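Containing mmCIF, C-alpha atoms: entry_14.cif.
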data_coords
#
loop_
_atom_site.group_PDB
_atom_site.id
_atom_site.type_symbol
_atom_site.label_atom_id
_atom_site.label_comp_id
_atom_site.auth_asym_id
_atom_site.auth_seq_id
_atom_site.Cartn_x
_atom_site.Cartn_y
_atom_site.Cartn_z
ATOM 1 C CA MET A 1 8.008 -8.955 -0.500
ATOM 2 C CA GLY A 2 10.522 -6.770 1.313
ATOM 3 C CA GLU A 3 11.857 -3.605 -0.279
ATOM 4 C CA ASN A 4 15.337 -5.028 -0.836
ATOM 5 C CA ALA A 5 13.912 -8.131 -2.513
ATOM 6 C CA HIS A 6 11.938 -6.302 -5.214
ATOM 7 C CA PRO A 7 13.086 -7.456 -8.684
ATOM 8 C CA PHE A 8 13.634 -3.925 -9.976
ATOM 9 C CA ARG A 9 16.302 -3.473 -7.281
ATOM 10 C CA LYS A 10 18.546 -5.622 -9.477
ATOM 11 C CA LEU A 11 18.348 -3.165 -12.383
ATOM 12 C CA THR A 12 21.717 -1.467 -12.051
ATOM 13 C CA HIS A 13 23.144 0.749 -14.781
ATOM 14 C CA GLU A 14 25.645 -2.021 -15.558
ATOM 15 C CA LEU A 15 22.857 -4.573 -16.058
ATOM 16 C CA VAL A 16 20.930 -2.136 -18.264
ATOM 17 C CA MET A 17 23.962 -1.622 -20.517
ATOM 18 C CA ASP A 18 24.779 -5.336 -20.555
ATOM 19 C CA ALA A 19 21.232 -6.093 -21.720
ATOM 20 C CA VAL A 20 21.484 -3.595 -24.584
ATOM 21 C CA GLU A 21 24.954 -4.809 -25.581
ATOM 22 C CA SER A 22 23.693 -8.405 -25.637
ATOM 23 C CA LEU A 23 21.879 -7.375 -28.844
ATOM 24 C CA GLY A 24 25.048 -6.172 -30.546
ATOM 25 C CA PHE A 25 25.015 -2.480 -29.621
ATOM 26 C CA ARG A 26 27.935 -0.741 -27.925
ATOM 27 C CA CYS A 27 26.913 1.595 -25.116
ATOM 28 C CA ASP A 28 28.811 4.787 -24.334
ATOM 29 C CA CYS A 29 28.103 4.495 -20.564
ATOM 30 C CA ARG A 30 25.451 7.221 -20.531
ATOM 31 C CA THR A 31 22.225 5.876 -19.046
ATOM 32 C CA PHE A 32 19.355 7.996 -17.767
ATOM 33 C CA PRO A 33 16.234 6.669 -16.033
ATOM 34 C CA LEU A 34 13.018 8.062 -17.506
ATOM 35 C CA ASN A 35 9.672 8.581 -15.795
ATOM 36 C CA SER A 36 7.936 5.232 -15.611
ATOM 37 C CA TYR A 37 6.395 3.460 -12.648
ATOM 38 C CA GLU A 38 4.768 0.337 -14.044
ATOM 39 C CA ASN A 39 7.921 -0.701 -15.891
ATOM 40 C CA ARG A 40 11.474 0.668 -15.835
ATOM 41 C CA VAL A 41 12.603 2.746 -18.790
ATOM 42 C CA TYR A 42 16.061 4.141 -19.562
ATOM 43 C CA GLN A 43 17.687 6.215 -22.242
ATOM 44 C CA VAL A 44 20.957 4.546 -23.184
ATOM 45 C CA GLY A 45 23.708 6.234 -25.141
ATOM 46 C CA ILE A 46 25.048 4.287 -28.142
ATOM 47 C CA GLU A 47 28.538 4.835 -29.552
ATOM 48 C CA ASP A 48 28.478 6.641 -32.920
ATOM 49 C CA ASP A 49 24.689 6.474 -33.097
ATOM 50 C CA ARG A 50 21.535 7.939 -31.594
ATOM 51 C CA PRO A 51 20.540 6.912 -28.060
ATOM 52 C CA LEU A 52 18.030 4.123 -27.599
ATOM 53 C CA ILE A 53 15.177 3.732 -25.141
ATOM 54 C CA VAL A 54 15.178 0.415 -23.286
ATOM 55 C CA LYS A 55 12.073 -0.769 -21.467
ATOM 56 C CA PHE A 56 12.238 -3.492 -18.808
ATOM 57 C CA TYR A 57 8.846 -5.079 -18.196
ATOM 58 C CA ARG A 58 7.431 -5.546 -14.726
ATOM 59 C CA PRO A 59 7.754 -9.240 -13.872
ATOM 60 C CA GLN A 60 4.547 -11.304 -13.880
ATOM 61 C CA ARG A 61 2.356 -8.548 -15.320
ATOM 62 C CA TRP A 62 2.072 -9.619 -18.957
ATOM 63 C CA SER A 63 2.869 -12.924 -20.599
ATOM 64 C CA ASP A 64 5.335 -13.043 -23.483
ATOM 65 C CA GLY A 65 2.390 -13.588 -25.805
ATOM 66 C CA GLN A 66 0.597 -10.500 -24.517
ATOM 67 C CA ILE A 67 3.709 -8.347 -24.947
ATOM 68 C CA ARG A 68 4.306 -9.613 -28.463
ATOM 69 C CA GLU A 69 0.661 -8.931 -29.313
ATOM 70 C CA GLU A 70 1.112 -5.316 -28.191
ATOM 71 C CA HIS A 71 4.240 -5.065 -30.355
ATOM 72 C CA GLN A 72 2.450 -6.587 -33.340
ATOM 73 C CA PHE A 73 -0.314 -4.002 -33.051
ATOM 74 C CA CYS A 74 2.316 -1.243 -33.159
ATOM 75 C CA PHE A 75 3.984 -2.810 -36.212
ATOM 76 C CA GLU A 76 0.622 -3.095 -37.936
ATOM 77 C CA LEU A 77 -0.126 0.578 -37.308
ATOM 78 C CA ALA A 78 3.344 1.622 -38.464
ATOM 79 C CA GLU A 79 2.946 -0.395 -41.660
ATOM 80 C CA HIS A 80 -0.103 1.748 -42.412
ATOM 81 C CA GLU A 81 2.124 4.838 -41.968
ATOM 82 C CA LEU A 82 0.540 5.870 -38.685
ATOM 83 C CA PRO A 83 2.817 7.855 -36.331
ATOM 84 C CA VAL A 84 3.385 5.379 -33.517
ATOM 85 C CA VAL A 85 6.699 4.587 -31.838
ATOM 86 C CA ALA A 86 7.129 0.859 -32.451
ATOM 87 C CA PRO A 87 9.789 -1.398 -30.873
ATOM 88 C CA TRP A 88 13.078 -2.236 -32.561
ATOM 89 C CA ARG A 89 13.320 -5.663 -34.197
ATOM 90 C CA ASP A 90 16.416 -7.757 -34.765
ATOM 91 C CA ASP A 91 17.261 -9.442 -38.071
ATOM 92 C CA GLY A 92 14.992 -12.342 -37.156
ATOM 93 C CA GLY A 93 12.026 -10.045 -36.540
ATOM 94 C CA GLU A 94 12.097 -10.480 -32.739
ATOM 95 C CA SER A 95 11.178 -7.489 -30.560
ATOM 96 C CA LEU A 96 10.999 -9.034 -27.071
ATOM 97 C CA PHE A 97 14.291 -10.017 -25.474
ATOM 98 C CA HIS A 98 15.425 -11.700 -22.256
ATOM 99 C CA PHE A 99 18.424 -10.907 -20.085
ATOM 100 C CA ALA A 100 19.305 -11.826 -16.488
ATOM 101 C CA GLY A 101 15.729 -12.769 -15.659
ATOM 102 C CA PHE A 102 14.204 -9.628 -17.191
ATOM 103 C CA ARG A 103 12.228 -9.147 -20.365
ATOM 104 C CA PHE A 104 12.972 -5.978 -22.300
ATOM 105 C CA SER A 105 12.504 -4.187 -25.605
ATOM 106 C CA LEU A 106 14.250 -1.337 -27.402
ATOM 107 C CA TYR A 107 12.736 1.756 -28.984
ATOM 108 C CA PRO A 108 14.125 4.622 -31.039
ATOM 109 C CA ARG A 109 14.346 7.864 -29.105
ATOM 110 C CA LYS A 110 11.749 10.381 -30.262
ATOM 111 C CA GLY A 111 11.604 13.963 -29.085
ATOM 112 C CA GLY A 112 8.457 16.007 -28.615
ATOM 113 C CA HIS A 113 6.153 17.549 -26.054
ATOM 114 C CA ALA A 114 2.678 16.904 -24.706
ATOM 115 C CA PRO A 115 -0.117 18.214 -26.938
ATOM 116 C CA GLU A 116 -2.013 21.335 -25.942
ATOM 117 C CA LEU A 117 -5.531 20.025 -25.618
ATOM 118 C CA ASP A 118 -6.918 23.525 -25.048
ATOM 119 C CA ASN A 119 -6.163 24.074 -28.725
ATOM 120 C CA LEU A 120 -9.214 22.740 -30.549
ATOM 121 C CA ASP A 121 -7.245 22.409 -33.790
ATOM 122 C CA ASN A 122 -4.992 19.896 -32.028
ATOM 123 C CA LEU A 123 -8.038 17.876 -31.009
ATOM 124 C CA LEU A 124 -9.189 17.787 -34.619
ATOM 125 C CA ILE A 125 -5.802 16.341 -35.627
ATOM 126 C CA LEU A 126 -5.874 13.829 -32.763
ATOM 127 C CA GLY A 127 -9.369 12.758 -33.728
ATOM 128 C CA ARG A 128 -8.241 12.057 -37.286
ATOM 129 C CA LEU A 129 -5.344 9.949 -36.061
ATOM 130 C CA LEU A 130 -7.486 8.003 -33.591
ATOM 131 C CA GLY A 131 -10.031 7.333 -36.308
ATOM 132 C CA ARG A 132 -7.277 5.797 -38.434
ATOM 133 C CA ILE A 133 -5.844 3.808 -35.499
ATOM 134 C CA HIS A 134 -9.264 2.413 -34.624
ATOM 135 C CA ARG A 135 -9.973 1.545 -38.234
ATOM 136 C CA ILE A 136 -6.958 -0.773 -38.061
ATOM 137 C CA GLY A 137 -7.789 -1.838 -34.500
ATOM 138 C CA ALA A 138 -11.199 -3.071 -35.604
ATOM 139 C CA LEU A 139 -9.827 -5.405 -38.269
ATOM 140 C CA ARG A 140 -9.149 -8.237 -35.806
ATOM 141 C CA PRO A 141 -9.294 -8.758 -32.031
ATOM 142 C CA PHE A 142 -6.530 -9.249 -29.532
ATOM 143 C CA ARG A 143 -6.292 -12.942 -28.678
ATOM 144 C CA GLU A 144 -3.961 -12.703 -25.676
ATOM 145 C CA ARG A 145 -4.631 -9.265 -24.219
ATOM 146 C CA PRO A 146 -7.598 -8.708 -21.895
ATOM 147 C CA HIS A 147 -10.796 -6.695 -22.198
ATOM 148 C CA LEU A 148 -11.436 -3.546 -20.202
ATOM 149 C CA ASP A 149 -14.371 -4.720 -18.113
ATOM 150 C CA CYS A 150 -16.215 -3.990 -14.901
ATOM 151 C CA GLN A 151 -14.965 -7.142 -13.188
ATOM 152 C CA SER A 152 -11.209 -6.641 -13.534
ATOM 153 C CA PHE A 153 -11.118 -2.834 -13.380
ATOM 154 C CA GLY A 154 -13.977 -2.334 -10.943
ATOM 155 C CA ARG A 155 -15.054 -5.245 -8.756
ATOM 156 C CA ASP A 156 -11.613 -6.803 -8.315
ATOM 157 C CA SER A 157 -10.156 -3.372 -7.539
ATOM 158 C CA ALA A 158 -12.843 -2.500 -4.993
ATOM 159 C CA ALA A 159 -12.523 -5.894 -3.295
ATOM 160 C CA LEU A 160 -8.762 -5.466 -2.868
ATOM 161 C CA ILE A 161 -9.100 -1.972 -1.410
ATOM 162 C CA ALA A 162 -11.929 -2.911 0.936
ATOM 163 C CA GLU A 163 -10.104 -5.956 2.252
ATOM 164 C CA ARG A 164 -6.577 -4.648 2.716
ATOM 165 C CA PHE A 165 -6.404 -0.845 2.538
ATOM 166 C CA MET A 166 -9.625 0.968 3.391
ATOM 167 C CA PRO A 167 -9.608 2.385 6.964
ATOM 168 C CA ALA A 168 -12.223 0.812 9.220
ATOM 169 C CA GLU A 169 -14.106 4.087 9.688
ATOM 170 C CA TYR A 170 -14.630 4.431 5.922
ATOM 171 C CA ARG A 171 -15.136 0.791 4.989
ATOM 172 C CA ALA A 172 -18.959 0.655 5.216
ATOM 173 C CA ASN A 173 -19.339 3.825 3.147
ATOM 174 C CA TYR A 174 -16.839 2.541 0.598
ATOM 175 C CA LEU A 175 -18.600 -0.799 0.199
ATOM 176 C CA ALA A 176 -21.965 0.910 -0.232
ATOM 177 C CA ILE A 177 -20.838 3.484 -2.802
ATOM 178 C CA THR A 178 -18.804 1.005 -4.856
ATOM 179 C CA ALA A 179 -21.681 -1.501 -4.899
ATOM 180 C CA ASP A 180 -24.067 1.162 -6.243
ATOM 181 C CA LEU A 181 -21.488 2.459 -8.702
ATOM 182 C CA LEU A 182 -20.588 -0.943 -10.101
ATOM 183 C CA ASP A 183 -24.209 -2.048 -10.420
ATOM 184 C CA ARG A 184 -24.931 1.126 -12.395
ATOM 185 C CA ILE A 185 -21.888 0.541 -14.620
ATOM 186 C CA ASP A 186 -22.973 -3.037 -15.282
ATOM 187 C CA ALA A 187 -26.448 -1.839 -16.249
ATOM 188 C CA LEU A 188 -25.060 0.839 -18.571
ATOM 189 C CA SER A 189 -22.721 -1.646 -20.220
ATOM 190 C CA LYS A 190 -25.623 -3.982 -20.991
ATOM 191 C CA GLU A 191 -27.754 -1.133 -22.331
ATOM 192 C CA VAL A 192 -25.035 0.188 -24.647
ATOM 193 C CA ASP A 193 -23.582 -3.202 -25.669
ATOM 194 C CA ALA A 194 -20.509 -1.497 -27.109
ATOM 195 C CA ARG A 195 -18.351 -3.156 -29.727
ATOM 196 C CA CYS A 196 -14.842 -3.708 -28.347
ATOM 197 C CA ILE A 197 -11.840 -3.173 -30.604
ATOM 198 C CA ARG A 198 -8.083 -3.050 -30.151
ATOM 199 C CA THR A 199 -7.301 0.289 -28.453
ATOM 200 C CA HIS A 200 -4.320 2.139 -27.066
ATOM 201 C CA GLY A 201 -6.080 1.820 -23.715
ATOM 202 C CA ASP A 202 -4.278 4.608 -21.823
ATOM 203 C CA CYS A 203 -4.689 7.548 -24.150
ATOM 204 C CA HIS A 204 -3.681 10.551 -22.020
ATOM 205 C CA VAL A 205 -1.352 13.452 -22.867
ATOM 206 C CA GLY A 206 1.635 11.714 -21.278
ATOM 207 C CA ASN A 207 1.458 9.033 -23.971
ATOM 208 C CA ILE A 208 1.330 11.462 -26.896
ATOM 209 C CA LEU A 209 4.379 13.282 -28.263
ATOM 210 C CA TRP A 210 3.735 16.358 -30.378
ATOM 211 C CA ARG A 211 6.513 16.791 -32.912
ATOM 212 C CA ASP A 212 6.756 18.029 -36.501
ATOM 213 C CA GLU A 213 3.302 19.619 -36.064
ATOM 214 C CA ALA A 214 1.724 16.218 -35.510
ATOM 215 C CA PRO A 215 1.015 13.744 -32.665
ATOM 216 C CA HIS A 216 2.973 10.521 -32.189
ATOM 217 C CA PHE A 217 1.512 7.838 -29.943
ATOM 218 C CA VAL A 218 3.858 6.031 -27.551
ATOM 219 C CA ASP A 219 3.584 3.362 -24.849
ATOM 220 C CA PHE A 220 0.948 0.835 -25.897
ATOM 221 C CA ASP A 221 1.660 -1.100 -22.682
ATOM 222 C CA ASP A 222 -2.001 -0.892 -21.626
ATOM 223 C CA ALA A 223 -3.410 -1.825 -25.042
ATOM 224 C CA ARG A 224 -6.511 -3.973 -24.676
ATOM 225 C CA MET A 225 -9.942 -4.658 -26.121
ATOM 226 C CA ALA A 226 -12.250 -1.774 -25.235
ATOM 227 C CA PRO A 227 -14.940 0.485 -26.704
ATOM 228 C CA ALA A 228 -13.535 3.120 -29.069
ATOM 229 C CA VAL A 229 -14.557 5.904 -26.676
ATOM 230 C CA GLN A 230 -11.913 4.663 -24.203
ATOM 231 C CA ASP A 231 -9.269 6.387 -26.353
ATOM 232 C CA LEU A 232 -11.262 9.620 -26.559
ATOM 233 C CA TRP A 233 -12.621 10.502 -23.143
ATOM 234 C CA MET A 234 -9.289 11.199 -21.425
ATOM 235 C CA MET A 235 -8.755 14.131 -23.796
ATOM 236 C CA LEU A 236 -11.836 15.897 -22.413
ATOM 237 C CA SER A 237 -11.597 18.313 -19.489
ATOM 238 C CA GLY A 238 -13.380 21.246 -17.914
ATOM 239 C CA ASP A 239 -17.100 21.856 -17.543
ATOM 240 C CA ARG A 240 -19.783 20.268 -19.674
ATOM 241 C CA LEU A 241 -19.822 23.112 -22.216
ATOM 242 C CA ARG A 242 -16.066 22.911 -22.681
ATOM 243 C CA GLN A 243 -16.090 19.127 -22.972
ATOM 244 C CA SER A 244 -18.842 19.330 -25.587
ATOM 245 C CA ALA A 245 -16.695 21.674 -27.711
ATOM 246 C CA GLN A 246 -13.667 19.397 -27.315
ATOM 247 C CA LEU A 247 -15.690 16.318 -28.201
ATOM 248 C CA ALA A 248 -17.066 18.027 -31.307
ATOM 249 C CA GLU A 249 -13.532 18.612 -32.614
ATOM 250 C CA LEU A 250 -12.352 15.108 -31.776
ATOM 251 C CA LEU A 251 -15.308 13.447 -33.463
ATOM 252 C CA GLU A 252 -15.196 15.728 -36.505
ATOM 253 C CA GLY A 253 -11.675 14.478 -37.157
ATOM 254 C CA TYR A 254 -12.453 10.893 -36.119
ATOM 255 C CA CYS A 255 -15.444 10.560 -38.438
ATOM 256 C CA GLU A 256 -13.370 11.625 -41.437
ATOM 257 C CA PHE A 257 -11.745 8.185 -41.241
ATOM 258 C CA ASN A 258 -14.011 5.972 -39.150
ATOM 259 C CA ASP A 259 -17.566 5.617 -37.931
ATOM 260 C CA PHE A 260 -18.350 6.359 -34.291
ATOM 261 C CA ARG A 261 -21.280 4.872 -32.408
ATOM 262 C CA PRO A 262 -23.060 7.716 -30.543
ATOM 263 C CA ALA A 263 -24.332 5.279 -27.878
ATOM 264 C CA GLU A 264 -20.758 4.927 -26.589
ATOM 265 C CA LEU A 265 -20.900 8.486 -25.229
ATOM 266 C CA ARG A 266 -23.047 7.068 -22.424
ATOM 267 C CA LEU A 267 -19.987 5.095 -21.280
ATOM 268 C CA ILE A 268 -17.668 8.049 -20.657
ATOM 269 C CA GLU A 269 -18.488 8.492 -16.966
ATOM 270 C CA ALA A 270 -18.586 4.718 -16.467
ATOM 271 C CA LEU A 271 -15.061 4.424 -17.892
ATOM 272 C CA ARG A 272 -13.917 7.358 -15.777
ATOM 273 C CA SER A 273 -15.307 5.621 -12.683
ATOM 274 C CA LEU A 274 -13.538 2.361 -13.517
ATOM 275 C CA ARG A 275 -10.281 4.256 -13.986
ATOM 276 C CA LEU A 276 -10.628 5.829 -10.522
ATOM 277 C CA LEU A 277 -11.174 2.416 -8.923
ATOM 278 C CA HIS A 278 -8.416 0.761 -10.928
ATOM 279 C CA TYR A 279 -5.919 3.547 -10.191
ATOM 280 C CA SER A 280 -6.265 3.158 -6.421
ATOM 281 C CA ALA A 281 -5.926 -0.618 -6.721
ATOM 282 C CA TRP A 282 -2.912 -0.187 -9.015
ATOM 283 C CA LEU A 283 -1.155 1.887 -6.352
ATOM 284 C CA ALA A 284 -2.105 -0.692 -3.718
ATOM 285 C CA ARG A 285 -0.801 -3.627 -5.763
ATOM 286 C CA ARG A 286 2.501 -1.843 -6.413
ATOM 287 C CA TRP A 287 3.107 -0.631 -2.852
ATOM 288 C CA ASP A 288 5.934 -3.131 -2.341
ATOM 289 C CA ASP A 289 7.824 -1.496 -5.237
ATOM 290 C CA PRO A 290 10.227 0.945 -3.523
ATOM 291 C CA ALA A 291 9.522 3.628 -6.139
ATOM 292 C CA PHE A 292 5.853 3.917 -5.177
ATOM 293 C CA PRO A 293 6.032 5.126 -1.547
ATOM 294 C CA VAL A 294 8.611 7.691 -2.677
ATOM 295 C CA HIS A 295 6.565 9.119 -5.549
ATOM 296 C CA PHE A 296 3.061 8.670 -4.111
ATOM 297 C CA PRO A 297 3.495 9.524 -0.397
ATOM 298 C CA TRP A 298 -0.114 10.723 -0.131
ATOM 299 C CA PHE A 299 -1.525 7.306 -0.991
ATOM 300 C CA ASN A 300 -3.127 5.218 1.778
ATOM 301 C CA THR A 301 -3.631 8.186 4.112
ATOM 302 C CA ILE A 302 -6.910 9.004 5.854
ATOM 303 C CA ARG A 303 -7.216 12.156 3.759
ATOM 304 C CA TYR A 304 -6.673 10.230 0.518
ATOM 305 C CA TRP A 305 -9.415 7.705 1.248
ATOM 306 C CA GLY A 306 -11.858 10.393 2.335
ATOM 307 C CA GLU A 307 -11.326 12.269 -0.935
ATOM 308 C CA HIS A 308 -11.483 9.032 -2.925
ATOM 309 C CA ILE A 309 -14.935 8.205 -1.553
ATOM 310 C CA LEU A 310 -16.067 11.755 -2.325
ATOM 311 C CA HIS A 311 -14.892 11.369 -5.933
ATOM 312 C CA LEU A 312 -16.776 8.074 -6.225
ATOM 313 C CA ARG A 313 -19.962 9.758 -4.979
ATOM 314 C CA GLU A 314 -19.490 12.453 -7.619
ATOM 315 C CA GLN A 315 -19.092 9.762 -10.255
ATOM 316 C CA LEU A 316 -22.301 8.048 -9.190
ATOM 317 C CA ALA A 317 -24.115 11.352 -9.660
ATOM 318 C CA ALA A 318 -22.417 11.843 -13.046
ATOM 319 C CA LEU A 319 -23.604 8.418 -14.207
ATOM 320 C CA ASN A 320 -27.163 9.607 -13.788
ATOM 321 C CA GLU A 321 -26.648 12.742 -15.878
ATOM 322 C CA PRO A 322 -27.379 12.823 -19.632
ATOM 323 C CA PRO A 323 -24.320 11.942 -21.751
ATOM 324 C CA LEU A 324 -22.443 14.569 -23.728
ATOM 325 C CA PRO A 325 -24.329 15.300 -26.956
ATOM 326 C CA MET A 326 -23.197 13.885 -30.272
ATOM 327 C CA PRO A 327 -22.132 16.878 -32.391
#

If you convert what's in this file into structure tokens, what do you get?
Amino acid sequence: MGENAHPFRKLTHELVMDAVESLGFRCDCRTFPLNSYENRVYQVGIEDDRPLIVKFYRPQRWSDGQIREEHQFCFELAEHELPVVAPWRDDGGESLFHFAGFRFSLYPRKGGHAPELDNLDNLLILGRLLGRIHRIGALRPFRERPHLDCQSFGRDSAALIAERFMPAEYRANYLAITADLLDRIDALSKEVDARCIRTHGDCHVGNILWRDEAPHFVDFDDARMAPAVQDLWMMLSGDRLRQSAQLAELLEGYCEFNDFRPAELRLIEALRSLRLLHYSAWLARRWDDPAFPVHFPWFNTIRYWGEHILHLREQLAALNEPPLPMP
């Protein structure tokens, strides 16, 4: 698809305001695009009221049923007084709307900043909240949303990159390292046999707002069935000693509200490896979106692929190391 033909090219400020006003709001002509690559997100000023956040979904990524299932998970968490930013619903209870060929939803604007994960007290608080979220997430499965698995995140991603993006001089090395990595991940997954629950799925600092001395989770767009540790490992950083201290705080808070299976700690490096593979494939699949070459100019360069293969080799070594200890 050519650059000019990409669907998001049609998202003018006028269309954004028309979509919001189709739900009965009156815009004050102030619209600001917010950082979002997968979807398109805007802050829209509302006359005599607080601004709203409007999110336009990437066409053909999720079905209506999958989007509504994400919304329902947010509503369920909010009903249990958990600090998540859930979509706005109209008088009929609908939260997913259609306008000019786009699907969109509205959210209240919430201020805040990214949490300081170097502060171990913050990790204790985050662990408590995740324990409560997962307690609700384990009550029933997603029916429409997918699982985080080695096939979709790993093998499909590696196949796409090898076929269409990997430079010829690196292709043999890439195929060899990804084959070894994915076989090891498959073996680990069978050994651990983790229980999958409904998770946030993309639990990094960019999706957490710290306000009123507490975290608020936003953007459940990647919610899916996954092991509980998927929502924990992205909060760990630094060397092994530092990660062990961070994990101890997270799990101390988590276990106040929910049980954690220690065997899942063996999956941390496997999940990190799948994220590396999936991230490169995500950039590749979105390369026809005009926003991506602008914001990720380093992607698909010789240097990028050389460093990517190096990172995958490091991950293969990490998979063979003992897991972080259960505190």

Item to check | Å distance separating atom CA of A:Glu116 from atom CA of A:Glu249, one decimal place | outcome: 13.6 Å

Checklist entry - When the PyMOL selection byres ((chain A and resi 174) around 10) is applied to the file above, which residues end up in the set, as a PyMOL selection string? => result chain A and resi 158+161-162+166-173+175-179+305-306+308-310+312-313

Checklist entry - Do you know which residues are at most 10 Å from A:Arg50 counting all atoms listed in the file, after dropping those on the same chain fewer than 5 positions away, and could you put them as a count of residues only? => result 4

Checklist entry - How would you write, as a PyMOL selection string, the residues chosen by the PyMOL selection byres ((chain A and resi 187-201) around 9) on this structure? => result chain A and resi 73+133-134+136-142+147-148+150+182-186+202-203+217+219-228+230-231+261+263-264+266-267+270+319

Item to check | For atom CA of A:Gln246 and atom CA of A:Asp121, the interatomic separation in Å (one decimal) | outcome: 9.6 Å

Checklist entry - Given the file above and the PyMOL selection byres ((chain A and resi 54) around 6), which residues are selected, and can you give them as number ranges by chain? => result A: 41-42, 53, 55, 105-106

Output C-alpha atoms of each residue in that selection to a file, as an mmCIF file, in the frame of the given file.
data_model
loop_
_atom_site.group_PDB
_atom_site.id
_atom_site.type_symbol
_atom_site.label_atom_id
_atom_site.label_comp_id
_atom_site.auth_asym_id
_atom_site.auth_seq_id
_atom_site.Cartn_x
_atom_site.Cartn_y
_atom_site.Cartn_z
ATOM 1 C CA VAL A 41 12.603 2.746 -18.790
ATOM 2 C CA TYR A 42 16.061 4.141 -19.562
ATOM 3 C CA ILE A 53 15.177 3.732 -25.141
ATOM 4 C CA LYS A 55 12.073 -0.769 -21.467
ATOM 5 C CA SER A 105 12.504 -4.187 -25.605
ATOM 6 C CA LEU A 106 14.250 -1.337 -27.402
#

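Minimum distance to A:Ile302 across A:Phe165, A:Phe56, A:Phe260, A:Tyr254 (counting all atoms listed in the file) occurs at A:Phe165.
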
Checklist entry - What lies within 7 Å of stretch 61-72 of chain A using all atoms listed in the file, ignoring chain neighbours under 3 positions off, as a PyMOL selection string? => result chain A and resi 58+75-76+86-87+96+144-145+220-221+223

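Distance annotation: of A:Ala248, A:Val205, A:Leu181, A:Ala317, the residue with the minimal separation from A:Leu277 is A:Leu181; atom set is all atoms listed in the file.
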